[in-house]
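Asks: Below is start-v3.pdb; it holds PDB, C-alpha atoms, pLDDT in the B column.
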ATOM      1  CA  MET O   1      66.887   1.934  59.015  1.00 51.00           C
ATOM      2  CA  LEU O   2      68.959   3.752  56.402  1.00 59.00           C
ATOM      3  CA  ARG O   3      71.066   5.986  58.596  1.00 73.00           C
ATOM      4  CA  GLN O   4      72.896   8.273  56.185  1.00 82.00           C
ATOM      5  CA  PRO O   5      69.901   9.013  53.916  1.00 83.00           C
ATOM      6  CA  THR O   6      67.907  10.024  57.008  1.00 83.00           C
ATOM      7  CA  ILE O   7      70.690  12.324  58.205  1.00 85.00           C
ATOM      8  CA  ASP O   8      71.033  13.790  54.714  1.00 84.00           C
ATOM      9  CA  ARG O   9      67.298  14.426  54.545  1.00 83.00           C
ATOM     10  CA  LEU O  10      67.394  16.194  57.920  1.00 83.00           C
ATOM     11  CA  ARG O  11      70.163  18.442  56.624  1.00 85.00           C
ATOM     12  CA  GLU O  12      68.152  19.194  53.484  1.00 84.00           C
ATOM     13  CA  LEU O  13      65.324  20.250  55.788  1.00 83.00           C
ATOM     14  CA  ARG O  14      67.820  22.500  57.603  1.00 86.00           C
ATOM     15  CA  LEU O  15      67.501  20.490  60.793  1.00 86.00           C
ATOM     16  CA  ARG O  16      71.254  20.495  61.332  1.00 87.00           C
ATOM     17  CA  GLY O  17      71.149  20.168  65.093  1.00 84.00           C
ATOM     18  CA  MET O  18      68.854  17.191  64.869  1.00 82.00           C
ATOM     19  CA  ALA O  19      70.997  15.600  62.145  1.00 85.00           C
ATOM     20  CA  ASP O  20      74.161  15.895  64.222  1.00 84.00           C
ATOM     21  CA  ALA O  21      72.390  14.563  67.324  1.00 82.00           C
ATOM     22  CA  LEU O  22      70.961  11.603  65.397  1.00 83.00           C
ATOM     23  CA  GLY O  23      74.431  10.744  64.147  1.00 85.00           C
ATOM     24  CA  ALA O  24      75.733  10.865  67.718  1.00 85.00           C
ATOM     25  CA  GLN O  25      72.886   8.659  68.933  1.00 83.00           C
ATOM     26  CA  MET O  26      73.629   6.064  66.295  1.00 82.00           C
ATOM     27  CA  GLU O  27      77.213   5.893  67.526  1.00 82.00           C
ATOM     28  CA  SER O  28      76.202   5.637  71.180  1.00 81.00           C
ATOM     29  CA  SER O  29      75.482   2.315  72.852  1.00 78.00           C
ATOM     30  CA  GLU O  30      73.620   4.104  75.656  1.00 82.00           C
ATOM     31  CA  ALA O  31      71.096   5.593  73.231  1.00 79.00           C
ATOM     32  CA  ALA O  32      69.873   2.087  72.365  1.00 77.00           C
ATOM     33  CA  ASN O  33      68.532   1.762  75.914  1.00 81.00           C
ATOM     34  CA  LEU O  34      66.325   4.836  75.559  1.00 84.00           C
ATOM     35  CA  SER O  35      62.708   4.790  74.466  1.00 86.00           C
ATOM     36  CA  PHE O  36      61.595   6.316  71.184  1.00 84.00           C
ATOM     37  CA  GLU O  37      60.068   9.284  73.030  1.00 88.00           C
ATOM     38  CA  GLU O  38      63.286   9.885  74.973  1.00 85.00           C
ATOM     39  CA  ARG O  39      65.441   9.785  71.866  1.00 84.00           C
ATOM     40  CA  LEU O  40      63.050  12.048  69.997  1.00 85.00           C
ATOM     41  CA  GLY O  41      63.062  14.480  72.902  1.00 89.00           C
ATOM     42  CA  LEU O  42      66.853  14.617  72.842  1.00 86.00           C
ATOM     43  CA  LEU O  43      66.813  15.263  69.092  1.00 88.00           C
ATOM     44  CA  VAL O  44      64.329  18.117  69.490  1.00 90.00           C
ATOM     45  CA  ASP O  45      66.396  19.608  72.319  1.00 88.00           C
ATOM     46  CA  ALA O  46      69.516  19.436  70.142  1.00 86.00           C
ATOM     47  CA  GLU O  47      67.765  21.225  67.288  1.00 85.00           C
ATOM     48  CA  TRP O  48      66.436  23.911  69.623  1.00 87.00           C
ATOM     49  CA  THR O  49      69.908  24.485  71.110  1.00 86.00           C
ATOM     50  CA  HIS O  50      71.483  24.609  67.656  1.00 86.00           C
ATOM     51  CA  ARG O  51      69.011  27.231  66.460  1.00 88.00           C
ATOM     52  CA  ARG O  52      69.440  29.332  69.587  1.00 90.00           C
ATOM     53  CA  ASN O  53      73.223  29.247  69.230  1.00 89.00           C
ATOM     54  CA  THR O  54      73.014  30.102  65.545  1.00 91.00           C
ATOM     55  CA  MET O  55      70.678  33.008  66.256  1.00 92.00           C
ATOM     56  CA  LEU O  56      72.930  34.323  69.031  1.00 94.00           C
ATOM     57  CA  ALA O  57      76.013  34.126  66.826  1.00 95.00           C
ATOM     58  CA  ARG O  58      74.210  36.087  64.087  1.00 96.00           C
ATOM     59  CA  LEU O  59      72.908  38.746  66.467  1.00 96.00           C
ATOM     60  CA  LEU O  60      76.327  39.195  68.080  1.00 97.00           C
ATOM     61  CA  ARG O  61      77.938  39.483  64.657  1.00 96.00           C
ATOM     62  CA  GLU O  62      75.435  42.151  63.639  1.00 96.00           C
ATOM     63  CA  ALA O  63      75.789  43.963  66.972  1.00 97.00           C
ATOM     64  CA  LYS O  64      79.507  44.591  66.382  1.00 97.00           C
ATOM     65  CA  LEU O  65      80.118  44.925  70.112  1.00 97.00           C
ATOM     66  CA  ARG O  66      83.438  46.603  70.775  1.00 96.00           C
ATOM     67  CA  LEU O  67      84.362  44.149  73.525  1.00 96.00           C
ATOM     68  CA  ALA O  68      83.647  40.442  73.987  1.00 94.00           C
ATOM     69  CA  ALA O  69      81.877  41.067  77.291  1.00 95.00           C
ATOM     70  CA  CYS O  70      79.198  38.937  78.929  1.00 94.00           C
ATOM     71  CA  PRO O  71      77.124  39.389  82.105  1.00 95.00           C
ATOM     72  CA  GLU O  72      78.819  36.517  83.959  1.00 94.00           C
ATOM     73  CA  ASP O  73      82.193  38.297  83.852  1.00 93.00           C
ATOM     74  CA  VAL O  74      81.086  41.667  85.229  1.00 92.00           C
ATOM     75  CA  GLU O  75      82.766  42.605  88.525  1.00 89.00           C
ATOM     76  CA  PHE O  76      80.257  44.027  90.998  1.00 85.00           C
ATOM     77  CA  GLY O  77      80.740  45.688  94.346  1.00 76.00           C
ATOM     78  CA  ALA O  78      80.237  48.945  96.206  1.00 69.00           C
ATOM     79  CA  ALA O  79      83.710  50.121  95.195  1.00 74.00           C
ATOM     80  CA  ARG O  80      82.540  50.332  91.575  1.00 82.00           C
ATOM     81  CA  GLY O  81      79.096  51.715  92.345  1.00 82.00           C
ATOM     82  CA  LEU O  82      77.382  48.642  90.880  1.00 88.00           C
ATOM     83  CA  ASP O  83      74.463  46.927  92.585  1.00 89.00           C
ATOM     84  CA  ARG O  84      74.359  43.276  91.555  1.00 91.00           C
ATOM     85  CA  SER O  85      70.570  42.982  91.942  1.00 93.00           C
ATOM     86  CA  VAL O  86      69.924  46.064  89.815  1.00 93.00           C
ATOM     87  CA  TRP O  87      72.162  44.860  87.025  1.00 94.00           C
ATOM     88  CA  ARG O  88      70.706  41.373  87.207  1.00 94.00           C
ATOM     89  CA  GLY O  89      67.379  42.983  86.373  1.00 95.00           C
ATOM     90  CA  LEU O  90      68.902  44.886  83.466  1.00 97.00           C
ATOM     91  CA  PHE O  91      70.557  41.751  82.098  1.00 97.00           C
ATOM     92  CA  ALA O  92      67.106  40.106  82.155  1.00 97.00           C
ATOM     93  CA  GLY O  93      66.130  42.628  79.465  1.00 95.00           C
ATOM     94  CA  ASP O  94      62.975  44.106  80.986  1.00 95.00           C
ATOM     95  CA  PHE O  95      64.262  47.632  80.346  1.00 97.00           C
ATOM     96  CA  VAL O  96      64.265  46.913  76.603  1.00 97.00           C
ATOM     97  CA  LEU O  97      60.712  45.594  76.713  1.00 96.00           C
ATOM     98  CA  HIS O  98      59.700  48.820  78.475  1.00 96.00           C
ATOM     99  CA  HIS O  99      61.729  50.999  76.067  1.00 97.00           C
ATOM    100  CA  GLN O 100      63.904  52.467  78.826  1.00 97.00           C
ATOM    101  CA  ASN O 101      67.382  53.921  78.398  1.00 98.00           C
ATOM    102  CA  VAL O 102      70.591  53.306  80.336  1.00 98.00           C
ATOM    103  CA  LEU O 103      73.131  56.090  80.938  1.00 98.00           C
ATOM    104  CA  ILE O 104      76.615  55.108  82.128  1.00 97.00           C
ATOM    105  CA  VAL O 105      79.224  57.684  83.112  1.00 96.00           C
ATOM    106  CA  GLY O 106      82.649  57.505  84.695  1.00 94.00           C
ATOM    107  CA  ALA O 107      86.320  58.231  84.215  1.00 93.00           C
ATOM    108  CA  THR O 108      88.403  56.654  81.488  1.00 91.00           C
ATOM    109  CA  GLY O 109      89.057  52.966  82.068  1.00 87.00           C
ATOM    110  CA  VAL O 110      86.465  52.222  84.771  1.00 91.00           C
ATOM    111  CA  GLY O 111      84.565  49.843  82.504  1.00 92.00           C
ATOM    112  CA  LYS O 112      81.722  51.792  80.906  1.00 95.00           C
ATOM    113  CA  THR O 113      82.116  50.182  77.496  1.00 96.00           C
ATOM    114  CA  TYR O 114      82.531  46.728  79.021  1.00 96.00           C
ATOM    115  CA  LEU O 115      79.273  47.088  80.935  1.00 96.00           C
ATOM    116  CA  ALA O 116      77.454  48.394  77.861  1.00 97.00           C
ATOM    117  CA  CYS O 117      78.726  45.488  75.751  1.00 98.00           C
ATOM    118  CA  ALA O 118      77.790  42.968  78.457  1.00 97.00           C
ATOM    119  CA  LEU O 119      74.315  44.483  78.419  1.00 98.00           C
ATOM    120  CA  GLY O 120      74.271  44.181  74.630  1.00 98.00           C
ATOM    121  CA  HIS O 121      75.324  40.545  74.843  1.00 98.00           C
ATOM    122  CA  ALA O 122      72.523  39.819  77.319  1.00 97.00           C
ATOM    123  CA  VAL O 123      69.944  41.425  75.026  1.00 98.00           C
ATOM    124  CA  CYS O 124      71.240  39.406  72.050  1.00 97.00           C
ATOM    125  CA  ARG O 125      70.665  36.248  74.098  1.00 96.00           C
ATOM    126  CA  LEU O 126      67.027  37.265  74.315  1.00 96.00           C
ATOM    127  CA  GLY O 127      66.774  37.278  70.527  1.00 96.00           C
ATOM    128  CA  MET O 128      66.705  41.061  70.103  1.00 97.00           C
ATOM    129  CA  ARG O 129      68.729  43.283  67.788  1.00 97.00           C
ATOM    130  CA  VAL O 130      71.633  45.256  69.228  1.00 98.00           C
ATOM    131  CA  ARG O 131      74.073  47.687  67.604  1.00 98.00           C
ATOM    132  CA  TYR O 132      77.189  49.235  69.148  1.00 98.00           C
ATOM    133  CA  LEU O 133      78.385  52.528  67.673  1.00 97.00           C
ATOM    134  CA  ARG O 134      80.654  55.318  68.732  1.00 97.00           C
ATOM    135  CA  LEU O 135      78.640  58.509  68.524  1.00 97.00           C
ATOM    136  CA  GLY O 136      81.190  60.172  66.272  1.00 95.00           C
ATOM    137  CA  GLY O 137      81.155  57.198  63.934  1.00 96.00           C
ATOM    138  CA  LEU O 138      77.359  57.158  63.754  1.00 96.00           C
ATOM    139  CA  LEU O 139      77.160  60.861  62.939  1.00 96.00           C
ATOM    140  CA  GLY O 140      79.890  60.414  60.321  1.00 95.00           C
ATOM    141  CA  ASP O 141      77.906  57.584  58.728  1.00 96.00           C
ATOM    142  CA  VAL O 142      74.793  59.773  58.748  1.00 96.00           C
ATOM    143  CA  ALA O 143      76.627  62.613  56.987  1.00 95.00           C
ATOM    144  CA  LEU O 144      77.953  60.224  54.342  1.00 96.00           C
ATOM    145  CA  ALA O 145      74.516  58.642  53.888  1.00 96.00           C
ATOM    146  CA  ARG O 146      73.050  62.081  53.228  1.00 94.00           C
ATOM    147  CA  VAL O 147      75.490  62.459  50.351  1.00 95.00           C
ATOM    148  CA  ASP O 148      75.251  59.013  48.735  1.00 95.00           C
ATOM    149  CA  GLY O 149      71.482  58.679  49.082  1.00 94.00           C
ATOM    150  CA  SER O 150      71.467  55.825  51.619  1.00 96.00           C
ATOM    151  CA  TYR O 151      70.169  57.905  54.512  1.00 94.00           C
ATOM    152  CA  GLY O 152      66.740  56.271  54.567  1.00 94.00           C
ATOM    153  CA  GLN O 153      68.267  52.808  54.685  1.00 95.00           C
ATOM    154  CA  LEU O 154      70.684  53.768  57.472  1.00 95.00           C
ATOM    155  CA  PHE O 155      67.998  55.494  59.511  1.00 95.00           C
ATOM    156  CA  GLY O 156      65.739  52.472  59.079  1.00 94.00           C
ATOM    157  CA  ARG O 157      68.403  50.114  60.462  1.00 94.00           C
ATOM    158  CA  VAL O 158      69.008  52.337  63.473  1.00 95.00           C
ATOM    159  CA  SER O 159      65.278  52.752  64.039  1.00 94.00           C
ATOM    160  CA  LYS O 160      64.635  48.999  64.060  1.00 94.00           C
ATOM    161  CA  THR O 161      67.473  48.202  66.455  1.00 97.00           C
ATOM    162  CA  ASP O 162      66.018  47.094  69.790  1.00 98.00           C
ATOM    163  CA  LEU O 163      69.054  48.312  71.735  1.00 98.00           C
ATOM    164  CA  LEU O 164      71.352  51.011  70.364  1.00 98.00           C
ATOM    165  CA  ILE O 165      74.628  51.496  72.265  1.00 98.00           C
ATOM    166  CA  LEU O 166      76.172  54.940  71.749  1.00 98.00           C
ATOM    167  CA  ASP O 167      79.685  55.224  73.149  1.00 97.00           C
ATOM    168  CA  ASP O 168      81.936  58.273  73.645  1.00 96.00           C
ATOM    169  CA  PHE O 169      79.201  60.862  74.075  1.00 97.00           C
ATOM    170  CA  GLY O 170      80.722  64.239  74.912  1.00 94.00           C
ATOM    171  CA  LEU O 171      84.206  63.714  73.447  1.00 93.00           C
ATOM    172  CA  SER O 172      83.521  66.721  71.223  1.00 93.00           C
ATOM    173  CA  VAL O 173      80.847  69.413  71.216  1.00 95.00           C
ATOM    174  CA  LEU O 174      77.980  68.715  68.832  1.00 95.00           C
ATOM    175  CA  ALA O 175      76.793  71.700  66.841  1.00 91.00           C
ATOM    176  CA  GLY O 176      74.496  72.448  63.953  1.00 90.00           C
ATOM    177  CA  THR O 177      73.740  69.473  61.724  1.00 94.00           C
ATOM    178  CA  GLU O 178      75.268  66.865  64.057  1.00 96.00           C
ATOM    179  CA  ALA O 179      73.088  67.911  66.986  1.00 96.00           C
ATOM    180  CA  ARG O 180      69.964  67.959  64.809  1.00 96.00           C
ATOM    181  CA  GLU O 181      70.733  64.495  63.424  1.00 97.00           C
ATOM    182  CA  LEU O 182      71.232  63.129  66.934  1.00 97.00           C
ATOM    183  CA  LEU O 183      67.916  64.656  68.009  1.00 97.00           C
ATOM    184  CA  LYS O 184      66.167  62.982  65.095  1.00 97.00           C
ATOM    185  CA  ILE O 185      67.626  59.587  66.041  1.00 97.00           C
ATOM    186  CA  ILE O 186      66.847  59.942  69.738  1.00 97.00           C
ATOM    187  CA  ASP O 187      63.366  61.331  69.117  1.00 97.00           C
ATOM    188  CA  ASP O 188      62.542  58.433  66.788  1.00 96.00           C
ATOM    189  CA  ARG O 189      63.585  55.958  69.487  1.00 96.00           C
ATOM    190  CA  TYR O 190      61.924  57.785  72.384  1.00 96.00           C
ATOM    191  CA  GLU O 191      59.518  55.420  74.167  1.00 94.00           C
ATOM    192  CA  ARG O 192      59.794  53.003  71.204  1.00 96.00           C
ATOM    193  CA  ARG O 193      63.281  51.516  71.570  1.00 97.00           C
ATOM    194  CA  SER O 194      66.076  51.505  74.152  1.00 98.00           C
ATOM    195  CA  THR O 195      69.399  53.315  74.010  1.00 98.00           C
ATOM    196  CA  VAL O 196      72.542  52.966  76.119  1.00 98.00           C
ATOM    197  CA  VAL O 197      74.827  56.009  76.269  1.00 98.00           C
ATOM    198  CA  CYS O 198      78.350  55.970  77.709  1.00 98.00           C
ATOM    199  CA  SER O 199      80.262  59.143  78.546  1.00 97.00           C
ATOM    200  CA  GLN O 200      83.212  60.430  80.517  1.00 95.00           C
ATOM    201  CA  LEU O 201      81.209  63.568  81.321  1.00 96.00           C
ATOM    202  CA  PRO O 202      79.193  63.593  84.547  1.00 95.00           C
ATOM    203  CA  LEU O 203      75.466  63.699  83.829  1.00 94.00           C
ATOM    204  CA  GLY O 204      75.264  67.264  85.106  1.00 93.00           C
ATOM    205  CA  GLU O 205      77.672  68.399  82.391  1.00 95.00           C
ATOM    206  CA  TRP O 206      76.043  66.736  79.379  1.00 96.00           C
ATOM    207  CA  HIS O 207      74.446  69.999  78.280  1.00 94.00           C
ATOM    208  CA  ARG O 208      77.835  71.467  77.446  1.00 94.00           C
ATOM    209  CA  ALA O 209      78.424  68.667  74.933  1.00 96.00           C
ATOM    210  CA  ILE O 210      75.730  70.160  72.689  1.00 97.00           C
ATOM    211  CA  ALA O 211      76.255  73.735  71.499  1.00 96.00           C
ATOM    212  CA  ASP O 212      72.621  74.729  71.015  1.00 96.00           C
ATOM    213  CA  PRO O 213      70.836  74.846  74.419  1.00 95.00           C
ATOM    214  CA  THR O 214      67.437  74.188  72.828  1.00 96.00           C
ATOM    215  CA  LEU O 215      68.664  71.071  71.051  1.00 96.00           C
ATOM    216  CA  ALA O 216      70.500  70.010  74.194  1.00 97.00           C
ATOM    217  CA  ASP O 217      67.310  70.218  76.233  1.00 97.00           C
ATOM    218  CA  ALA O 218      65.363  68.230  73.642  1.00 97.00           C
ATOM    219  CA  ILE O 219      67.982  65.483  73.305  1.00 97.00           C
ATOM    220  CA  LEU O 220      68.778  65.069  76.989  1.00 97.00           C
ATOM    221  CA  ASP O 221      65.145  65.202  78.086  1.00 97.00           C
ATOM    222  CA  ARG O 222      64.376  62.240  75.818  1.00 97.00           C
ATOM    223  CA  LEU O 223      67.483  60.320  76.895  1.00 97.00           C
ATOM    224  CA  ALA O 224      67.137  60.889  80.628  1.00 96.00           C
ATOM    225  CA  HIS O 225      63.376  60.473  81.018  1.00 94.00           C
ATOM    226  CA  GLY O 226      62.824  57.253  82.956  1.00 93.00           C
ATOM    227  CA  ALA O 227      66.417  56.157  82.308  1.00 97.00           C
ATOM    228  CA  HIS O 228      68.579  53.955  84.522  1.00 97.00           C
ATOM    229  CA  LYS O 229      71.554  56.147  85.477  1.00 96.00           C
ATOM    230  CA  PHE O 230      74.916  54.876  86.724  1.00 95.00           C
ATOM    231  CA  THR O 231      78.143  56.602  87.730  1.00 93.00           C
ATOM    232  CA  LEU O 232      81.020  54.110  87.858  1.00 93.00           C
ATOM    233  CA  LEU O 233      83.576  54.549  90.595  1.00 88.00           C
ATOM    234  CA  GLY O 234      86.987  53.150  91.367  1.00 74.00           C
ATOM    235  CA  GLU O 235      90.308  52.928  89.614  1.00 70.00           C
ATOM    236  CA  SER O 236      90.920  52.106  85.989  1.00 65.00           C
ATOM    237  CA  MET O 237      90.152  48.469  85.259  1.00 66.00           C
ATOM    238  CA  ARG O 238      93.015  48.421  82.772  1.00 60.00           C
ATOM    239  CA  LYS O 239      95.516  49.460  85.439  1.00 60.00           C
ATOM    240  CA  LYS O 240      93.972  46.976  87.871  1.00 61.00           C
ATOM    241  CA  LYS O 241      94.512  44.174  85.369  1.00 60.00           C
ATOM    242  CA  GLY O 242      98.156  45.050  84.797  1.00 55.00           C
ATOM    243  CA  GLY O 243      98.206  47.674  82.056  1.00 48.00           C
ATOM    244  CA  ALA O 244     100.986  50.224  82.283  1.00 42.00           C
ATOM    245  CA  PRO O 245      99.836  53.652  83.586  1.00 41.00           C
ATOM    246  CA  GLY O 246      98.796  55.954  80.774  1.00 40.00           C
ATOM    247  CA  ARG O 247      98.980  53.210  78.173  1.00 35.00           C
ATOM    248  CA  ASP O 248      96.200  51.020  76.857  1.00 35.00           C
ATOM    249  CA  THR O 249      97.557  47.510  76.437  1.00 29.00           C
ATOM    250  CA  THR O 250      94.519  46.221  74.579  1.00 32.00           C
ATOM    251  CA  LYS O 251      93.530  46.738  70.991  1.00 36.00           C
ATOM    252  CA  ASP O 252      90.157  48.241  72.014  1.00 36.00           C
ATOM    253  CA  ALA O 253      90.257  50.450  75.065  1.00 31.00           C
ATOM    254  CA  THR O 254      87.652  49.815  77.750  1.00 33.00           C
ATOM    255  CA  LEU O 255      86.235  53.273  78.332  1.00 31.00           C
TER
END
As C-alpha cells, please, write out the structure in this file.
Replies:
Amino acid sequence: MLRQPTIDRLRELRLRGMADALGAQMESSEAANLSFEERLGLLVDAEWTHRRNTMLARLLREAKLRLAACPEDVEFGAARGLDRSVWRGLFAGDFVLHHQNVLIVGATGVGKTYLACALGHAVCRLGMRVRYLRLGGLLGDVALARVDGSYGQLFGRVSKTDLLILDDFGLSVLAGTEARELLKIIDDRYERRSTVVCSQLPLGEWHRAIADPTLADAILDRLAHGAHKFTLLGESMRKKKGGAPGRDTTKDATL
C-alpha cells in the first residue's frame, strides 16, 4: 500500500481527520492487530470528531463570546439562586428549539455575563449560531449601518442568529430611534429565534429603561413571554475569586 499518496488523497478530499488518523494507525503496532472494519470505524470516528471540533471552533469564533465560559465550569447552589437541573435543561438547548428567551438579572459581578456565555457555548456545541453583543454596541452598529447602507445585511445576520445574547440592558435609557430599532429586532425574533438578555436592573424596573411606555410594553412583552427568568444572588464572583474591592482585575468584567 502506498501510504503517503493515500494520505495526500484524503487531504485533497478534505478528510483531514481521517488522514491524520490513518497516519497514526500506520505508526502504531497495535493497529495491525485490528480488523479492517475496526480500523475503518476508527478512521470514520476520527473524521467525525475533527469536523465537529472544526465546526465548534468556527461557531465560537463567530459568536464572539465576551468570556471563555463553558457549562462544566458554572458554579451552582442555592446561594446563587441557580438550580442545577434547570440549567442542565437549558444547556441541552431545548429552549432554542422552542424559540424561548432567557432573562438574567443581578448585581454587578454576580456572573450574569459568564452564565450567558456558558449558555452560548453550549448552543454552539449543538451546531447553532450564537452572537454576543452589548446592547449599546448593537444599537450603535445599527445606526452606522443606516448611514452606510449596510442595514439590510446587518439585520439579516441578527435575524438568522439562533441565539442572540444582549448584555448590559438598562445601562442607559433608550429613547426614540434606539427604542424603535430594538423593537424591530425583538419583534423579528419573537417566537422565531431565542434571545438572552442580561441586566443589572430587576425585572420589575425594566420599563424605566425605555423612555416611551408604549414601546416599552411592546419590547418587554415579546421578551418576557414564555421566557426563563433568573435573578442571581450572592456576592460578586470577582471579589470571591480574589479581585480587589471596587476594581475589576480582568480584562473583560463579568457582569
Asks: Name every residue that the PyMOL selection byres ((chain O and resi 178) around 12) selects in this structure, writing the answer as a count of residues only with chains first and numbers rising.
Replies: 29
Asks: Contacts between segment 45-58 of chain O and segment 97-187 of chain O, please, where a residue of segment 97-187 of chain O counts if it comes within 12 Å (with all atoms listed in the file); show its shortest atom pair and distance in Å to one decimal, rows by chain and ascending number, as a tab-separated table.
Replies:
residue	atom	partner	partner_atom	distance
O:Gly120	CA	O:Leu56	CA	11.4
O:His121	CA	O:Leu56	CA	8.8
O:Ala122	CA	O:Leu56	CA	10.0
O:Val123	CA	O:Leu56	CA	9.8
O:Cys124	CA	O:Leu56	CA	6.1
O:Arg125	CA	O:Leu56	CA	5.9
O:Leu126	CA	O:Leu56	CA	8.5
O:Gly127	CA	O:Leu56	CA	7.0
O:Met128	CA	O:Leu56	CA	9.2
O:Arg129	CA	O:Arg58	CA	9.8
O:Val130	CA	O:Arg58	CA	10.8
Asks: Please provide as a list of chain:residue names all residues within 12 Å of Gln4 of chain O, with the sequence filter that same-chain residues fewer than 3 positions apart are discarded (counting only C-alpha atoms).
Replies: O:Met1, O:Ile7, O:Asp8, O:Arg9, O:Leu10, O:Arg11, O:Ala19, O:Asp20, O:Leu22, O:Gly23, O:Met26
Asks: Nearest to Leu65 of chain O: which of O:Val110, O:Leu13, O:Cys117, O:Ala227 is it, counting all atoms listed in the file?
Replies: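 Closest to Leu65 of chain O of all the choices is O:Cys117.
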Asks: Report the distance between atom CA of Leu203 of chain O and atom CA of Ala118 of chain O in Å, rounded to one decimal place.
Replies: 21.5 Å
Asks: Find the spatial neighbours of His99 of chain O, counting all atoms listed in the file, within a cut-off of 7 Å - ignore same-chain residues fewer than 4 positions away - and output them as a list in words.
Replies: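 Once the adjacent positions are removed, what remains is Phe95, Glu191, Arg192, Arg193 and Ser194 of chain O.
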Asks: Convert the current residue selection to file output with C-alpha atoms, as a compact mmCIF listing (two decimals), in the coordinates of the input.
Replies:
# COMPACT_ATOMS: atom_id res chain seq x y z
CA PHE O 95 64.26 47.63 80.35
CA GLU O 191 59.52 55.42 74.17
CA ARG O 192 59.79 53.00 71.20
CA ARG O 193 63.28 51.52 71.57
CA SER O 194 66.08 51.50 74.15
Asks: Within 10 Å of (78.6, 53.7, 73.2) (file coordinates; all atoms listed in the file), which protein or nucleic acid residues are there? I'd like them as a ChimeraX atom specification.
Replies: /O:65-66,103-104,112-114,116-117,131-136,164-169,195-199,255
Asks: Ranking O:Leu119, O:Arg80, O:Thr214, O:Gly152 by minimum distance to Leu60 of chain O and counting only C-alpha atoms, which one comes first?
Replies: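 Closest to Leu60 of chain O, using only C-alpha atoms: O:Leu119.
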Asks: To verify the selection step, state as a PDB file with C-alpha atoms, keeping the file's coordinate frame which residues the PyMOL selection byres ((chain O and resi 106) around 6) yields on this input.
Replies:
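Wrote it out as out_5.pdb, contents follow:
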ATOM      1  CA  VAL O 105      79.224  57.684  83.112  1.00 96.00           C
ATOM      2  CA  ALA O 107      86.320  58.231  84.215  1.00 93.00           C
ATOM      3  CA  GLN O 200      83.212  60.430  80.517  1.00 95.00           C
ATOM      4  CA  THR O 231      78.143  56.602  87.730  1.00 93.00           C
ATOM      5  CA  LEU O 232      81.020  54.110  87.858  1.00 93.00           C
TER       6      LEU O 232
END
Asks: Calculate, to one decimal in Å, the centre and edge lengths of the box along x, y and z of the file that holds all listed atoms of segment 182-197 of chain O with 3 Å of margin on each side, and present them as AutoDock Vina command-line options.
Replies:
--center_x 67.2 --center_y 58.1 --center_z 70.7 --size_x 21.3 --size_y 19.2 --size_z 17.2
Asks: Rounded to one decimal, what separation in Å do you get between atom CA of Met18 of chain O and atom CA of Leu43 of chain O?
Replies: 5.1 Å
Asks: Separation of atom CA of Glu30 of chain O and atom CA of Leu42 of chain O, in Å?
Replies: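 Atom CA of Leu42 of chain O lies at a distance of 12.8 Å from atom CA of Glu30 of chain O.
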